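Listing of final18.tsv, TSV, C-alpha atoms and all ligand atoms
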```
chain	number	residue	atom	x	y	z
T	12	MET	CA	0.00	0.00	0.00
T	13	ASN	CA	1.24	3.44	-0.83
T	14	ASP	CA	0.71	5.76	2.13
T	15	ASN	CA	3.11	8.47	1.06
T	16	ASN	CA	0.72	11.36	1.76
T	17	ASP	CA	2.10	11.57	5.23
T	18	PRO	CA	5.22	13.75	5.15
T	19	LEU	CA	8.06	13.01	7.50
T	20	LEU	CA	7.50	14.94	10.69
T	21	VAL	CA	10.27	14.38	13.17
T	22	ILE	CA	9.52	15.34	16.74
T	23	ASP	CA	12.38	15.20	19.19
T	24	SER	CA	11.14	12.53	21.60
T	25	PHE	CA	12.94	14.19	24.47
T	26	SER	CA	12.18	17.89	24.03
T	27	GLY	CA	9.01	17.53	21.94
T	28	GLU	CA	10.32	20.05	19.37
T	29	GLU	CA	9.90	19.66	15.63
T	30	VAL	CA	13.46	18.95	14.56
T	31	SER	CA	13.56	20.60	11.12
T	32	GLN	CA	12.85	24.08	12.53
T	33	ASN	CA	16.55	24.76	12.57
T	34	ARG	CA	17.62	22.95	9.41
T	35	PRO	CA	21.01	21.36	9.10
T	36	THR	CA	22.95	22.29	5.97
T	37	LYS	CA	25.48	20.78	3.64
T	38	ARG	CA	27.91	23.46	4.89
T	39	ASP	CA	28.10	21.62	8.22
T	40	LEU	CA	29.78	18.75	6.38
T	41	LEU	CA	31.81	20.74	3.87
T	42	ASP	CA	33.33	22.87	6.63
T	43	LEU	CA	34.46	19.74	8.44
T	44	PHE	CA	36.00	18.30	5.29
T	45	SER	CA	37.77	21.47	4.31
T	46	HIS	CA	39.13	21.95	7.82
T	47	ALA	CA	40.33	18.33	7.87
T	48	ARG	CA	42.16	18.83	4.61
T	49	SER	CA	43.75	22.15	5.52
T	50	SER	CA	44.88	20.85	8.90
T	51	ALA	CA	45.91	17.44	7.49
T	52	THR	CA	43.91	15.72	10.26
T	53	PRO	CA	41.48	13.03	9.16
T	54	LEU	CA	37.79	13.27	9.92
T	55	PHE	CA	36.43	10.50	12.12
T	56	ILE	CA	33.36	8.91	10.62
T	57	ALA	CA	30.97	6.19	11.84
T	58	ALA	CA	29.99	3.91	8.97
T	59	PRO	CA	26.39	3.20	8.07
T	60	MET	CA	25.37	-0.07	9.72
T	61	VAL	CA	22.01	-1.76	9.29
T	62	ARG	CA	20.41	-2.49	12.69
T	63	TYR	CA	23.11	-0.58	14.59
T	64	SER	CA	23.63	3.02	13.49
T	65	LYS	CA	20.31	4.21	14.91
T	66	LEU	CA	19.90	7.51	16.73
T	67	PRO	CA	21.08	6.41	20.24
T	68	TYR	CA	24.22	4.84	18.77
T	69	ARG	CA	24.91	7.94	16.67
T	70	LEU	CA	24.57	10.20	19.69
T	71	LEU	CA	26.89	7.92	21.62
T	72	VAL	CA	29.72	7.85	19.08
T	73	ARG	CA	29.31	11.57	18.51
T	74	ALA	CA	29.85	12.15	22.23
T	75	LEU	CA	33.04	10.09	21.85
T	76	ASN	CA	34.87	12.07	19.17
T	77	THR	CA	33.16	10.84	15.99
T	78	GLN	CA	32.48	13.78	13.71
T	79	ILE	CA	30.16	12.45	11.03
T	80	THR	CA	27.52	9.75	11.32
T	81	TYR	CA	25.20	7.93	8.94
T	82	THR	CA	21.80	6.36	9.20
T	83	PRO	CA	21.74	2.64	8.42
T	84	MET	CA	20.95	1.98	4.77
T	85	MET	CA	17.25	2.70	4.20
T	86	LEU	CA	15.44	1.41	1.12
T	87	ALA	CA	14.50	4.47	-0.92
T	88	ARG	CA	11.41	2.88	-2.44
T	89	GLU	CA	10.00	1.87	0.97
T	90	PHE	CA	10.93	5.20	2.49
T	91	LYS	CA	9.16	7.03	-0.32
T	92	ASN	CA	6.05	4.86	-0.23
T	93	SER	CA	5.41	4.11	3.41
T	94	ALA	CA	4.96	6.38	6.41
T	95	GLN	CA	5.33	3.30	8.56
T	96	ALA	CA	8.76	2.55	7.02
T	97	ARG	CA	9.81	6.15	7.58
T	98	SER	CA	8.88	6.22	11.22
T	99	SER	CA	10.48	2.86	11.96
T	100	GLU	CA	13.64	3.56	9.94
T	101	PHE	CA	14.34	7.18	10.72
T	102	SER	CA	14.47	9.37	13.77
T	103	THR	CA	16.75	12.24	14.64
T	104	CYS	CA	17.19	15.17	17.01
T	105	ARG	CA	19.03	18.47	16.98
T	106	SER	CA	22.26	17.11	18.36
T	107	ASP	CA	22.33	14.36	15.71
T	108	ARG	CA	24.36	16.49	13.28
T	109	PRO	CA	25.93	16.48	10.80
T	110	LEU	CA	24.13	13.40	9.56
T	111	ILE	CA	24.14	11.62	6.21
T	112	ALA	CA	21.05	9.60	5.29
T	113	GLN	CA	22.14	6.56	3.34
T	114	PHE	CA	19.79	4.99	0.85
T	115	GLY	CA	19.70	1.78	-1.08
T	116	ALA	CA	18.11	2.56	-4.43
T	117	SER	CA	18.00	1.08	-7.89
T	118	ASN	CA	16.90	4.20	-9.76
T	119	SER	CA	17.03	7.98	-9.61
T	120	ALA	CA	13.30	8.54	-9.16
T	121	ASP	CA	13.07	6.51	-5.93
T	122	LEU	CA	16.28	8.03	-4.62
T	123	LEU	CA	15.22	11.60	-5.30
T	124	ALA	CA	11.78	11.13	-3.78
T	125	ALA	CA	13.28	9.65	-0.60
T	126	ALA	CA	15.96	12.33	-0.46
T	127	ARG	CA	13.38	15.12	-0.72
T	128	ILE	CA	11.48	13.71	2.25
T	129	VAL	CA	14.52	13.41	4.50
T	130	ALA	CA	16.20	16.64	3.29
T	131	PRO	CA	15.06	18.93	6.15
T	132	TYR	CA	16.77	16.68	8.68
T	133	VAL	CA	20.15	15.83	7.20
T	134	SER	CA	23.25	17.45	5.70
T	135	GLY	CA	23.88	14.86	3.03
T	136	ILE	CA	22.61	11.88	1.09
T	137	GLY	CA	24.69	8.74	0.71
T	138	ILE	CA	24.21	6.09	-1.98
T	139	ASN	CA	25.07	2.54	-0.95
T	140	CYS	CA	26.96	0.74	-3.73
T	141	GLY	CA	28.69	-1.77	-1.48
T	142	CYS	CA	26.05	-4.04	0.04
T	143	PRO	CA	26.70	-7.54	-1.39
T	144	ILE	CA	23.56	-9.17	0.08
T	145	ARG	CA	21.83	-11.07	-2.69
T	146	ASP	CA	18.31	-9.90	-1.76
T	147	GLN	CA	19.44	-6.33	-2.38
T	148	THR	CA	21.63	-6.87	-5.44
T	149	ALA	CA	18.81	-8.84	-7.08
T	150	LEU	CA	16.77	-5.63	-6.87
T	151	GLY	CA	19.58	-3.61	-8.46
T	152	ILE	CA	20.52	-2.09	-5.08
T	153	GLY	CA	23.87	-1.93	-3.23
T	154	ALA	CA	26.81	-3.64	-4.91
T	155	ALA	CA	24.70	-4.18	-8.05
T	156	LEU	CA	25.36	-0.50	-8.77
T	157	MET	CA	29.08	-1.24	-9.13
T	158	GLY	CA	28.07	-2.84	-12.45
T	159	ARG	CA	25.63	-0.07	-13.44
T	160	LEU	CA	27.75	3.03	-13.75
T	161	ASP	CA	25.29	4.84	-16.04
T	162	THR	CA	22.47	4.42	-13.53
T	163	LEU	CA	24.70	5.57	-10.70
T	164	VAL	CA	25.91	8.61	-12.61
T	165	ASP	CA	22.28	9.49	-13.30
T	166	MET	CA	21.45	9.14	-9.60
T	167	VAL	CA	24.28	11.45	-8.58
T	168	SER	CA	23.50	14.10	-11.18
T	169	THR	CA	19.76	13.92	-10.45
T	170	LEU	CA	20.41	14.53	-6.75
T	171	LYS	CA	22.89	17.31	-7.50
T	172	THR	CA	20.56	19.11	-9.87
T	173	ALA	CA	17.53	18.91	-7.59
T	174	LEU	CA	19.03	19.18	-4.11
T	175	GLY	CA	22.72	19.96	-4.57
T	176	GLU	CA	22.39	23.46	-3.10
T	177	GLU	CA	21.23	22.08	0.23
T	178	LEU	CA	22.63	18.57	0.46
T	179	LEU	CA	26.03	17.00	0.05
T	180	VAL	CA	26.10	13.92	-2.18
T	181	GLU	CA	28.23	10.96	-1.13
T	182	VAL	CA	28.72	7.60	-2.82
T	183	LYS	CA	30.04	4.58	-0.91
T	184	ILE	CA	31.66	2.08	-3.23
T	185	ARG	CA	33.82	-1.02	-3.22
T	186	ILE	CA	36.73	-1.73	-5.56
T	187	HIS	CA	36.37	-3.51	-8.89
T	188	ASN	CA	38.68	-6.39	-9.73
T	189	ASP	CA	40.06	-4.09	-12.42
T	190	ILE	CA	41.63	-1.09	-10.70
T	191	GLU	CA	41.88	0.86	-13.99
T	192	TYR	CA	38.13	0.54	-14.40
T	193	THR	CA	37.64	1.63	-10.79
T	194	LYS	CA	39.63	4.79	-11.56
T	195	GLN	CA	37.34	5.56	-14.48
T	196	PHE	CA	34.36	4.75	-12.25
T	197	VAL	CA	35.28	7.26	-9.55
T	198	GLN	CA	36.18	9.88	-12.14
T	199	GLU	CA	32.72	9.60	-13.66
T	200	LEU	CA	31.13	9.92	-10.22
T	201	ALA	CA	33.22	13.03	-9.64
T	202	GLY	CA	32.16	14.36	-13.05
T	203	ALA	CA	28.50	13.80	-12.15
T	204	GLY	CA	28.97	15.98	-9.05
T	205	ALA	CA	29.67	13.62	-6.14
T	206	ASP	CA	31.11	15.69	-3.27
T	207	VAL	CA	32.52	12.73	-1.37
T	208	VAL	CA	33.50	9.23	-2.46
T	209	SER	CA	33.89	6.70	0.34
T	210	ILE	CA	35.83	3.62	-0.60
T	211	HIS	CA	35.44	0.35	1.25
T	212	GLY	CA	38.76	-1.20	0.26
T	213	ARG	CA	37.42	-4.61	-0.69
T	214	ARG	CA	36.11	-6.26	-3.84
T	215	ILE	CA	32.47	-7.30	-3.90
T	216	LYS	CA	33.23	-10.94	-3.10
T	217	ASP	CA	35.74	-10.14	-0.31
T	218	ARG	CA	34.46	-10.72	3.19
T	219	SER	CA	35.35	-8.38	6.05
T	220	GLY	CA	37.43	-10.18	8.68
T	221	VAL	CA	38.70	-12.64	6.04
T	222	VAL	CA	40.27	-10.46	3.34
T	223	PRO	CA	42.13	-7.36	4.58
T	224	ALA	CA	41.15	-3.96	3.22
T	225	ASP	CA	43.28	-3.01	0.22
T	226	LEU	CA	44.83	0.30	1.23
T	227	ASP	CA	47.04	0.38	-1.86
T	228	ALA	CA	43.94	0.46	-4.04
T	229	ILE	CA	42.48	3.35	-2.02
T	230	ARG	CA	45.77	5.23	-2.31
T	231	THR	CA	45.83	4.68	-6.07
T	232	LEU	CA	42.26	5.93	-6.35
T	233	ARG	CA	43.09	9.09	-4.40
T	234	SER	CA	45.35	10.21	-7.20
T	235	ALA	CA	42.66	9.40	-9.77
T	236	ILE	CA	39.91	11.47	-8.11
T	237	PRO	CA	39.89	15.23	-8.78
T	238	GLU	CA	41.24	17.23	-5.83
T	239	HIS	CA	37.95	18.96	-5.07
T	240	VAL	CA	36.24	15.64	-4.33
T	241	TYR	CA	36.79	14.43	-0.77
T	242	LEU	CA	37.87	10.85	-0.23
T	243	VAL	CA	36.95	8.68	2.74
T	244	ALA	CA	38.81	5.43	3.37
T	245	ASN	CA	36.94	2.52	4.93
T	246	GLY	CA	38.10	-0.88	6.10
T	247	ASP	CA	39.88	-2.40	9.10
T	248	CYS	CA	40.12	0.64	11.36
T	249	PHE	CA	40.18	-0.79	14.89
T	250	SER	CA	42.04	1.93	16.79
T	251	LEU	CA	42.91	5.61	16.69
T	252	ASP	CA	46.41	4.64	15.54
T	253	ASP	CA	44.85	2.71	12.66
T	254	ALA	CA	42.87	5.82	11.72
T	255	TYR	CA	45.98	7.99	11.50
T	256	ARG	CA	48.00	5.29	9.75
T	257	ILE	CA	45.31	4.65	7.11
T	258	ALA	CA	44.83	8.38	6.51
T	259	LYS	CA	48.55	8.94	6.10
T	260	TYR	CA	49.00	5.98	3.77
T	261	THR	CA	45.98	6.58	1.54
T	262	GLY	CA	45.81	10.39	1.59
T	263	ALA	CA	42.13	10.12	2.59
T	264	ASP	CA	40.33	13.13	4.09
T	265	GLY	CA	38.30	10.96	6.42
T	266	ILE	CA	38.42	7.54	8.03
T	267	MET	CA	35.25	5.52	8.34
T	268	ALA	CA	34.99	2.67	10.85
T	269	ALA	CA	32.23	0.06	11.16
T	270	ARG	CA	33.12	-3.11	13.11
T	271	GLY	CA	35.83	-1.38	15.16
T	272	LEU	CA	33.44	1.33	16.32
T	273	LEU	CA	30.74	-1.19	17.06
T	274	GLN	CA	32.99	-3.09	19.45
T	275	ASN	CA	34.43	0.09	20.87
T	276	PRO	CA	32.31	3.23	20.36
T	277	ALA	CA	35.13	5.25	21.96
T	278	LEU	CA	37.65	4.14	19.32
T	279	PHE	CA	38.22	7.69	18.06
T	280	THR	CA	39.04	8.95	21.56
T	281	GLY	CA	42.04	6.61	21.64
T	282	ALA	CA	40.43	4.23	24.18
T	283	HIS	CA	41.38	0.60	23.52
T	284	ILE	CA	38.15	-0.92	24.82
T	285	THR	CA	34.70	0.47	25.48
T	286	PRO	CA	34.77	2.58	28.64
T	287	TRP	CA	31.95	1.53	30.97
T	288	SER	CA	30.63	5.08	30.87
T	289	ALA	CA	29.87	4.57	27.16
T	290	ILE	CA	27.48	1.77	28.06
T	291	GLU	CA	25.78	4.07	30.58
T	292	LEU	CA	25.49	6.79	27.96
T	293	TYR	CA	24.10	4.36	25.39
T	294	CYS	CA	21.44	3.13	27.82
T	295	ALA	CA	20.49	6.73	28.61
T	296	TYR	CA	20.24	7.60	24.90
T	297	VAL	CA	18.09	4.52	24.33
T	298	SER	CA	15.73	5.67	27.09
T	299	ALA	CA	15.51	9.17	25.67
T	300	TYR	CA	15.63	8.47	21.93
T	301	GLY	CA	15.20	4.76	21.30
T	302	GLY	CA	11.41	4.83	21.06
T	303	ASN	CA	11.32	3.41	17.54
T	304	MET	CA	13.98	0.75	18.18
T	305	LYS	CA	13.34	-2.94	18.48
T	306	PHE	CA	14.55	-4.42	21.77
T	307	GLN	CA	16.63	-6.96	19.78
T	308	HIS	CA	18.60	-4.13	18.18
T	309	VAL	CA	19.49	-2.60	21.55
T	310	GLN	CA	20.45	-6.07	22.76
T	311	LEU	CA	22.66	-6.75	19.73
T	312	ALA	CA	24.36	-3.37	20.09
T	313	LEU	CA	25.16	-4.09	23.74
T	314	VAL	CA	26.51	-7.55	22.89
T	315	GLU	CA	28.93	-5.81	20.51
T	316	MET	CA	29.85	-2.90	22.77
T	317	THR	CA	30.62	-5.06	25.79
T	318	PHE	CA	33.42	-6.73	23.84
T	319	GLY	CA	36.40	-6.17	26.13
T	320	LEU	CA	34.20	-5.61	29.20
T	321	LEU	CA	32.55	-9.01	29.58
T	322	THR	CA	33.65	-12.52	28.64
T	323	LYS	CA	32.31	-14.19	25.52
T	324	GLN	CA	30.02	-16.38	27.64
T	325	GLU	CA	28.71	-13.38	29.57
T	326	ARG	CA	28.02	-11.55	26.35
T	327	GLN	CA	26.10	-14.56	25.08
T	328	LEU	CA	23.92	-14.31	28.18
T	329	ILE	CA	22.88	-10.80	27.14
T	330	ARG	CA	21.10	-12.52	24.25
T	331	GLN	CA	18.92	-14.42	26.69
T	332	THR	CA	17.42	-11.29	28.22
T	333	ARG	CA	13.89	-10.57	27.06
T	334	ASN	CA	13.40	-6.87	27.68
T	335	LEU	CA	15.28	-3.72	28.67
T	336	ASP	CA	14.69	-4.18	32.40
T	337	GLN	CA	16.17	-7.69	32.31
T	338	LEU	CA	19.04	-6.48	30.18
T	339	TYR	CA	19.92	-3.60	32.52
T	340	GLU	CA	19.56	-5.90	35.54
T	341	PHE	CA	22.00	-8.31	33.89
T	342	LEU	CA	24.59	-5.57	33.24
T	343	ASN	CA	24.13	-4.28	36.77
T	344	LYS	CA	25.40	-7.61	38.13
T	345	TYR	CA	28.84	-6.92	36.72
T	346	TYR	CA	29.03	-3.13	36.68
T	347	ILE	CA	27.26	-0.30	38.45
T	348	LEU	CA	24.89	1.05	35.84
T	349	ARG	CA	24.39	4.72	36.64
T	350	ARG	CA	21.57	6.84	35.28
T	351	PRO	CA	21.69	10.50	34.25
T	352	GLY	CA	21.88	12.72	37.31
T	353	GLN	CA	23.76	10.16	39.41
T	354	GLU	CA	27.30	10.88	40.51
T	355	PHE	CA	29.93	9.71	37.96
T	356	PHE	CA	27.29	8.95	35.29
T	357	GLY	CA	29.00	8.96	31.90
T	358	THR	CA	32.42	9.83	33.35
T	359	LEU	CA	35.04	8.36	31.02
T	360	THR	CA	37.53	7.50	33.76
T	361	TYR	CA	34.96	5.76	35.99
T	362	SER	CA	35.26	1.95	35.78
T	363	GLY	CA	32.00	0.94	37.50
T	364	PHE	CA	33.39	-2.57	37.85
T	365	ARG	CA	31.85	-4.66	40.69
T	366	ARG	CA	34.15	-7.71	40.66
T	401	LIG	C1	26.59	-4.91	11.05
T	401	LIG	C2	26.97	-4.19	9.79
T	401	LIG	C3	26.01	-3.49	9.08
T	401	LIG	C4	26.37	-2.81	7.91
T	401	LIG	N1	25.42	-2.06	7.27
T	401	LIG	C5	25.80	-1.27	6.21
T	401	LIG	C6	24.92	-0.33	5.64
T	401	LIG	O1	23.78	-0.14	6.08
T	401	LIG	N2	25.37	0.41	4.58
T	401	LIG	C7	26.64	0.27	4.09
T	401	LIG	O2	27.02	0.98	3.14
T	401	LIG	N3	27.50	-0.59	4.63
T	401	LIG	C8	27.13	-1.35	5.68
T	401	LIG	N4	28.05	-2.16	6.28
T	401	LIG	C9	29.43	-2.16	5.80
T	401	LIG	C10	30.25	-1.15	6.61
T	401	LIG	O3	29.73	0.16	6.49
T	401	LIG	C11	31.72	-1.15	6.16
T	401	LIG	O4	31.80	-0.76	4.82
T	401	LIG	C12	32.40	-2.50	6.32
T	401	LIG	O5	32.02	-3.15	7.51
T	401	LIG	C13	33.93	-2.34	6.32
T	401	LIG	O6	34.35	-1.51	7.37
T	401	LIG	P1	35.09	-2.11	8.69
T	401	LIG	O7	36.27	-2.89	8.18
T	401	LIG	O8	35.42	-0.90	9.49
T	401	LIG	O9	34.09	-3.02	9.35
T	401	LIG	C14	27.69	-2.86	7.43
T	401	LIG	C15	28.66	-3.58	8.16
T	401	LIG	C16	28.32	-4.23	9.32
T	401	LIG	C17	29.39	-4.97	10.10
```

Structure re-expressed in structure tokens:
Amino acid sequence: MNDNNDPLLVIDSFSGEEVSQNRPTKRDLLDLFSHARSSATPLFIAAPMVRYSKLPYRLLVRALNTQITYTPMMLAREFKNSAQARSSEFSTCRSDRPLIAQFGASNSADLLAAARIVAPYVSGIGINCGCPIRDQTALGIGAALMGRLDTLVDMVSTLKTALGEELLVEVKIRIHNDIEYTKQFVQELAGAGADVVSIHGRRIKDRSGVVPADLDAIRTLRSAIPEHVYLVANGDCFSLDDAYRIAKYTGADGIMAARGLLQNPALFTGAHITPWSAIELYCAYVSAYGGNMKFQHVQLALVEMTFGLLTKQERQLIRQTRNLDQLYEFLNKYYILRRPGQEFFGTLTYSGFRR
């Protein structure tokens, strides 16, 4: 059913304010990129992650030195057609900036319609060209676009023409087996008006955790992309040292982390494991802003984030909890789970450890 008459109205669930009243702009992102380049310091970016990069997680990593965040990939066609999809997939608030809304789309019309709806709430639109999941590629979405350059170029130029004054356009790609073709690919995206190209340094068939990210390929592509287009390097960033090393080696303007930041949301502060205070902050953000989240997604996020804080077996037990109260009670057995207003809540140096 098409119920697209309902525009997206985002009310801050904490303050009750309509969020678009003070619109974010593309400048918020461009200023960060240009400052990063002039100061030769990479931007710290949280990758889009289905199920995980929801509003509470974005607020958390932002509080911990991440400068740019993404929504999880949202399907443009569903977003355009269904108010129910919009309210379950998207929520934001004024401190959730600058934000890039990432879409999975197979054509320019769906992408543009979805982008117009979300435009008042974000600084940029990202196009996912990396997702290798067969259900998506069969629909012409995600990594399928790596084989459909003409369609992708049309998507970028359609967005630029219609919304380029207000929104930054980013494309997140993988590498082709043929690096020469990949150079041509990114040059055409730049020619179509992409402001930022993010490169996940793997081929479509390469699995994360099995095949290392190819930093040489990203470095080669840097020299192929026109200077005015910003480059973000993605793949295998698990520490702040990694971020600096990858930026130096590839010449990227920004470093995007997914799995590393999931297991340690404080990665960009230089912390080696999740500080307990980050768990407290996450729980507080879930209470304030997690209204449209499924319990299972909060649970999964906490299984990931407690890597380094709990044993593997203990983390498995988190999966057996059935609701937030049980989950918080479980955590409270091992650590003192403070709430906002309590002494030491969210203090980075506070260990909270009970054992
Ligand atoms: C749980 C999970 C969900 C992901 N969801 C998305 C997504 O929505 N959009 C996207 O472009 N990439 C997605 N990715 C890929 C990551 O953004 C990233 O490109 C990849 O994990 C490599 O980065 P890493 O080595 O830092 O993990 C996802 C990855 C993970 C682990």

Would you write out, as a Markdown table, a table of all residues in chain T that have an atom no more than 10 Å from an atom of ligand LIG 401 (chain T), listing for each the closest atom pair and the distance in Å to one decimal, considering only C-alpha atoms and all ligand atoms and ordering rows by chain and rising residue number?
```
| residue | atom | partner | partner_atom | distance |
| --- | --- | --- | --- | --- |
| T:Ala57 | CA | T:LIG401 | O3 | 8.2 |
| T:Ala58 | CA | T:LIG401 | O3 | 4.5 |
| T:Pro59 | CA | T:LIG401 | C6 | 4.5 |
| T:Met60 | CA | T:LIG401 | N1 | 3.2 |
| T:Val61 | CA | T:LIG401 | N1 | 4.0 |
| T:Arg62 | CA | T:LIG401 | C3 | 6.7 |
| T:Tyr63 | CA | T:LIG401 | C1 | 6.6 |
| T:Ser64 | CA | T:LIG401 | O1 | 8.1 |
| T:Tyr81 | CA | T:LIG401 | O1 | 8.7 |
| T:Thr82 | CA | T:LIG401 | O1 | 7.5 |
| T:Pro83 | CA | T:LIG401 | O1 | 4.2 |
| T:Met84 | CA | T:LIG401 | O1 | 3.8 |
| T:Met85 | CA | T:LIG401 | O1 | 7.4 |
| T:Leu86 | CA | T:LIG401 | O1 | 9.8 |
| T:Gln113 | CA | T:LIG401 | N2 | 7.1 |
| T:Phe114 | CA | T:LIG401 | N2 | 8.1 |
| T:Gly115 | CA | T:LIG401 | N2 | 8.1 |
| T:Gly137 | CA | T:LIG401 | O2 | 8.5 |
| T:Ile138 | CA | T:LIG401 | O2 | 7.8 |
| T:Asn139 | CA | T:LIG401 | O2 | 4.8 |
| T:Cys140 | CA | T:LIG401 | O2 | 6.9 |
| T:Gly141 | CA | T:LIG401 | O2 | 5.6 |
| T:Cys142 | CA | T:LIG401 | N3 | 5.9 |
| T:Pro143 | CA | T:LIG401 | N3 | 9.2 |
| T:Gly153 | CA | T:LIG401 | O2 | 7.7 |
| T:Ala154 | CA | T:LIG401 | O2 | 9.3 |
| T:Val182 | CA | T:LIG401 | O2 | 9.1 |
| T:Lys183 | CA | T:LIG401 | O2 | 6.2 |
| T:Ile184 | CA | T:LIG401 | O2 | 8.0 |
| T:Arg185 | CA | T:LIG401 | O4 | 8.3 |
| T:Ser209 | CA | T:LIG401 | O4 | 8.9 |
| T:Ile210 | CA | T:LIG401 | O4 | 8.0 |
| T:His211 | CA | T:LIG401 | O4 | 5.2 |
| T:Gly212 | CA | T:LIG401 | C13 | 7.8 |
| T:Arg213 | CA | T:LIG401 | C13 | 8.2 |
| T:Arg218 | CA | T:LIG401 | C13 | 9.0 |
| T:Ser219 | CA | T:LIG401 | O7 | 6.0 |
| T:Gly220 | CA | T:LIG401 | O7 | 7.4 |
| T:Val222 | CA | T:LIG401 | O7 | 9.8 |
| T:Pro223 | CA | T:LIG401 | O7 | 8.2 |
| T:Ala224 | CA | T:LIG401 | O7 | 7.0 |
| T:Ala244 | CA | T:LIG401 | O6 | 9.2 |
| T:Asn245 | CA | T:LIG401 | O6 | 5.4 |
| T:Gly246 | CA | T:LIG401 | O7 | 3.4 |
| T:Asp247 | CA | T:LIG401 | O7 | 3.8 |
| T:Cys248 | CA | T:LIG401 | O8 | 5.3 |
| T:Phe249 | CA | T:LIG401 | O8 | 7.2 |
| T:Ile266 | CA | T:LIG401 | O8 | 9.1 |
| T:Met267 | CA | T:LIG401 | O8 | 6.5 |
| T:Ala268 | CA | T:LIG401 | O8 | 3.8 |
| T:Ala269 | CA | T:LIG401 | O8 | 3.7 |
| T:Arg270 | CA | T:LIG401 | O9 | 3.9 |
| T:Gly271 | CA | T:LIG401 | O8 | 5.7 |
| T:Leu272 | CA | T:LIG401 | O8 | 7.5 |
| T:Leu273 | CA | T:LIG401 | C17 | 8.0 |
| T:Leu311 | CA | T:LIG401 | C1 | 9.7 |
| T:Ala312 | CA | T:LIG401 | C1 | 9.4 |
| T:Glu315 | CA | T:LIG401 | C1 | 9.8 |
```

Pairwise distance for atom CA of Ala149 of chain T and atom CA of Ala203 of chain T, rounded to one decimal in Å |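 These atoms are spaced 25.1 Å apart.
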
Any idea what's packed within 12 Å of segment 262-265 of chain T, counting all atoms listed in the file, ignoring anything in its chain fewer than 6 positions away? Could you give it as JSON, numbers by chain?
-> {"T": [40, 41, 43, 44, 45, 46, 47, 48, 49, 50, 51, 52, 53, 54, 55, 56, 57, 58, 77, 78, 79, 80, 207, 208, 209, 210, 211, 226, 227, 228, 229, 230, 231, 232, 233, 234, 235, 236, 238, 239, 240, 241, 242, 243, 244, 245, 246, 248, 254, 255, 256]}

Under the rule of at most 10 Å, produce a per-residue listing of segment 82-178 of chain T near segment 33-37 of chain T: chain, number, name, the closest pair of atoms, and the distance in Å, as CSV, using all atoms listed in the file.
```
residue,atom,partner,partner_atom,distance
T:Arg105,CA,T:Asn33,CA,8.1
T:Asp107,CA,T:Pro35,CA,9.7
T:Arg108,CA,T:Pro35,CA,7.2
T:Pro109,CA,T:Pro35,CA,7.1
T:Leu110,CA,T:Pro35,CA,8.6
T:Ile111,CA,T:Lys37,CA,9.6
T:Ala130,CA,T:Pro35,CA,8.9
T:Pro131,CA,T:Arg34,CA,5.8
T:Tyr132,CA,T:Pro35,CA,6.3
T:Val133,CA,T:Pro35,CA,5.9
T:Ser134,CA,T:Lys37,CA,4.5
T:Gly135,CA,T:Lys37,CA,6.2
T:Ile136,CA,T:Lys37,CA,9.7
T:Gly175,CA,T:Lys37,CA,8.7
T:Glu176,CA,T:Lys37,CA,7.9
T:Glu177,CA,T:Lys37,CA,5.6
T:Leu178,CA,T:Lys37,CA,4.8
```

Closest of T:Val72, T:Ala124, T:Ile144, T:Leu313 to Ser106 of chain T - atom-to-atom distances counting all atoms listed in the file =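 For Ser106 of chain T, the nearest of the given residues is T:Val72.
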
Centre and size of axis-aligned box enclosing segment 332-348 of chain T plus 3 Å each side, as lines of an AutoDock Vina configuration file:
```
center_x = 21.2
center_y = -5.1
center_z = 32.8
size_x = 21.6
size_y = 18.3
size_z = 17.4
```

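Nearest residue to Lys305 of chain T, choosing from T:Leu335, T:Ala74, T:Leu19, T:Cys104 and counting all atoms listed in the file: T:Leu335.
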
Smallest atom-to-atom distance to Gly204 of chain T: which of T:Pro237, T:Gly27, T:Gly158, T:Gly352, using all atoms listed in the file?
->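 Nearest to Gly204 of chain T: T:Pro237.
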
Spatial neighbours of Leu251 of chain T, 10 Å, only C-alpha atoms, chain gap at least 6 places, as a ChimeraX atom specification = /T:55,257,266,277-283

So which residues touch Leu66 of chain T within 7 Å, counting all atoms listed in the file, skipping near sequence neighbours fewer than 6 positions away, as a VMD selection string?
-> chain T and resid 102 to 103 300

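Our summary of the geometry notes that atom CA of Asp217 of chain T is positioned 19.2 Å from atom CA of Gly151 of chain T.
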
Might you pull out every residue within 9 Å of Gln307 of chain T, with all atoms listed in the file counted and same-chain residues fewer than 3 positions away left off, and present them as a ChimeraX atom specification?
-> /T:304,310-312,330,333-334

Could you jot down the atom CA of Val167 of chain T to atom CA of Ala205 of chain T separation for me, Å, one decimal place?
->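 Spanning atom CA of Val167 of chain T to atom CA of Ala205 of chain T is a straight-line distance of 6.3 Å.
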
Which residue out of T:Tyr293, T:Asp165, T:Met157, T:Ser288 has the minimum interatomic distance to Val197 of chain T when all atoms listed in the file are used?
->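 With all atoms listed in the file as the atom set, the closest residue is T:Met157.
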
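Each of T:Cys294, T:His308, T:Tyr361, T:Thr162 was compared to Leu342 of chain T using all atoms listed in the file, and T:Cys294 turns out to be the nearest.
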
With distances taken over only C-alpha atoms, the candidate from T:Ser119, T:Ala258, T:Thr317, T:Val129 nearest Leu156 of chain T is T:Ser119

Point (10.9, 10.7, 15.7) neighbourhood (8 Å, all atoms listed in the file) written as a compact mmCIF listing (two decimals) with C-alpha atoms, in the frame of the given file:
```txt
# COMPACT_ATOMS: atom_id res chain seq x y z
CA LEU T 20 7.50 14.94 10.69
CA VAL T 21 10.27 14.38 13.17
CA ILE T 22 9.52 15.34 16.74
CA ASP T 23 12.38 15.20 19.19
CA SER T 24 11.14 12.53 21.60
CA SER T 98 8.88 6.22 11.22
CA PHE T 101 14.34 7.18 10.72
CA SER T 102 14.47 9.37 13.77
CA THR T 103 16.75 12.24 14.64
CA CYS T 104 17.19 15.17 17.01
CA GLY T 302 11.41 4.83 21.06
CA ASN T 303 11.32 3.41 17.54
```
